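S.K.: Handing you this structure, nothing more for now.
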Amino acid sequence: METKDYLQSYYQNYDEENRLLTHHGRVEFLTTMRYIEKYLRPGMRILEIGAATGRYSHTLARKGYQVDAVELLEHNIELFHQNTAPAEPVTITQGNATDLSAFPDNTYDITLLLGPMYHLFTEEEKLKALSEAIRVTKPGGVIFAAYCMADPTVLTYGFIRGEIHNIMEKCMVDPTTFKAFSHPWDIFELHRKEDIDTLRSHFSVTQLHFVASDGYANHMRSTLDAMDDQTFALYLNYHFATCERPDMIGLSHHTLDIFRKD
């Protein structure tokens, strides 16, 4: 099977749309939007690469921004179209993050790469996706790249769910460093911050933020989902106040690398 086949099978059976509507899922969404909004200005053009069902694209289009979206999977594109409101200023094209040849250089003010780095497993693919995102962004434009992190997965899937011996037998975790290794059939590629820093170092960009986009939320899903609105609002204030602290980033299941094209 090719990577696309594994992804198609996974997302046909996973409710990505509603994940971001739970309290624990909203932490990631609200944090990402909070940082995007720091850099939004009237009239900006936005490209979302790997747009899935369009949660971010539709939100931004409904704020009046022209959004072009790229998505690999037919299933997600169908849901994207279903979610598109009449006259919404959004387009979607089927495509791959590693080949954006349909899009010209230096076009977009903000480029979102919020899903593809989850599913790219070689350094060549990762660098190509970053290179393409940077290429289509205007000089001075801002790129948002999201990653899945290794250590929270080792802790939650490995130790809490009791799979640690199984994944070590499959050579998915180094027994000395506990660095995780993934393959396309595992669906998600896992990173540590130093891996992300190394990838970014290949390009002429300036880092603006490195964010624990869901922080501790996925470690306390049931607690967050049971919170009343007032307590959840207080938790969000705590999370926003701490999500860039280096000592908080390592336990976040998802991170957001935000950088400007020089």
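Residue names in the structure tokens use chain letters A, B, ... in the order shown, residue numbers from 1 in each chain, and ligand numbers from 1 in the order shown.
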Quick one: DSSP strand (DSSP E) residues in range 4-225 of chain A, as a ChimeraX atom specification?

M.R.: /A:45-49,66-71,90-94,108-113,137-148,205-212

S.K.: Which residues are near Ser213 in chain A? Cut-off 9 Å, only C-alpha atoms, ignore same chain within fewer than 3 positions. Put them as a PyMOL selection string.

M.R.: chain A and resi 27-32+146+210+239+243-244+249+252-256

S.K.: For C-alpha atoms, I'd like the residues from the last selection saved as an mmCIF file, in the first residue's frame.

M.R.:
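Everything below was put into selection_27.cif:
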data_model
loop_
_atom_site.group_PDB
_atom_site.id
_atom_site.type_symbol
_atom_site.label_atom_id
_atom_site.label_comp_id
_atom_site.auth_asym_id
_atom_site.auth_seq_id
_atom_site.Cartn_x
_atom_site.Cartn_y
_atom_site.Cartn_z
ATOM 1 C CA VAL A 27 -7.570 23.763 22.703
ATOM 2 C CA GLU A 28 -5.498 22.970 19.602
ATOM 3 C CA PHE A 29 -7.904 24.766 17.253
ATOM 4 C CA LEU A 30 -8.276 27.898 19.390
ATOM 5 C CA THR A 31 -4.523 28.103 19.992
ATOM 6 C CA THR A 32 -3.737 27.795 16.286
ATOM 7 C CA ALA A 146 2.249 21.662 12.726
ATOM 8 C CA PHE A 210 7.272 27.589 18.806
ATOM 9 C CA HIS A 239 -2.774 27.359 28.447
ATOM 10 C CA CYS A 243 2.082 27.419 25.664
ATOM 11 C CA GLU A 244 5.387 28.973 24.536
ATOM 12 C CA ILE A 249 6.433 22.103 24.971
ATOM 13 C CA SER A 252 2.304 18.608 23.981
ATOM 14 C CA HIS A 253 0.944 16.067 21.492
ATOM 15 C CA HIS A 254 0.960 18.748 18.777
ATOM 16 C CA THR A 255 3.255 21.699 18.253
ATOM 17 C CA LEU A 256 3.176 24.672 15.922
#

S.K.: I'd like the neighbourhood of range 117-122 of chain A as an MDAnalysis selection string, where a residue qualifies if any of its atoms comes within 12 Å (using only C-alpha atoms), though same-chain residues fewer than 2 positions away should be ignored.

M.R.: chainID A and resid 2:8 10 49:50 72 96:98 112:115 124:130 133 144:150 181:191 195:196 199 253:257

S.K.: How would you write, as a ChimeraX atom specification, the set of residues in range 93-223 of chain A that DSSP gives as alpha helix (DSSP H)?

M.R.: /A:123-135,150-153,164-169,193-200,221-223

S.K.: So that I can see what lies close to Asp68 in chain A, please list as an NGL selection string the residues with an atom at most 9 Å from it, counting only C-alpha atoms and leaving out residues fewer than 5 positions away in the same chain.

M.R.: :A and (45-49 or 57 or 89-93)

S.K.: At a cut-off of 9 Å, using only C-alpha atoms, what residues contact Ile164 in chain A? Leave out same-chain residues fewer than 5 positions from it and give the result as a PDB file with N, CA and C atoms, in the first residue's frame.

M.R.:
ATOM      1  N   VAL A 154       4.733   8.218  23.336  1.00  0.00           N
ATOM      2  CA  VAL A 154       5.375   7.142  24.103  1.00  0.00           C
ATOM      3  C   VAL A 154       4.717   7.019  25.480  1.00  0.00           C
ATOM      4  N   LEU A 155       4.437   8.155  26.097  1.00  0.00           N
ATOM      5  CA  LEU A 155       3.838   8.137  27.436  1.00  0.00           C
ATOM      6  C   LEU A 155       2.395   7.642  27.415  1.00  0.00           C
ATOM      7  N   TYR A 157       0.328   6.313  24.669  1.00  0.00           N
ATOM      8  CA  TYR A 157       0.080   5.047  23.985  1.00  0.00           C
ATOM      9  C   TYR A 157       0.960   3.937  24.567  1.00  0.00           C
ATOM     10  N   GLY A 158       2.219   4.288  24.847  1.00  0.00           N
ATOM     11  CA  GLY A 158       3.147   3.278  25.339  1.00  0.00           C
ATOM     12  C   GLY A 158       2.884   2.845  26.759  1.00  0.00           C
ATOM     13  N   PHE A 159       3.001   3.783  27.691  1.00  0.00           N
ATOM     14  CA  PHE A 159       2.919   3.425  29.102  1.00  0.00           C
ATOM     15  C   PHE A 159       1.489   3.409  29.640  1.00  0.00           C
ATOM     16  N   GLU A 169       9.234  -4.071  20.984  1.00  0.00           N
ATOM     17  CA  GLU A 169       9.517  -5.296  20.233  1.00  0.00           C
ATOM     18  C   GLU A 169       9.470  -5.047  18.732  1.00  0.00           C
ATOM     19  N   VAL A 173      10.624   2.166  19.192  1.00  0.00           N
ATOM     20  CA  VAL A 173      11.202   3.050  20.202  1.00  0.00           C
ATOM     21  C   VAL A 173      12.610   2.575  20.510  1.00  0.00           C
TER      22      VAL A 173
END
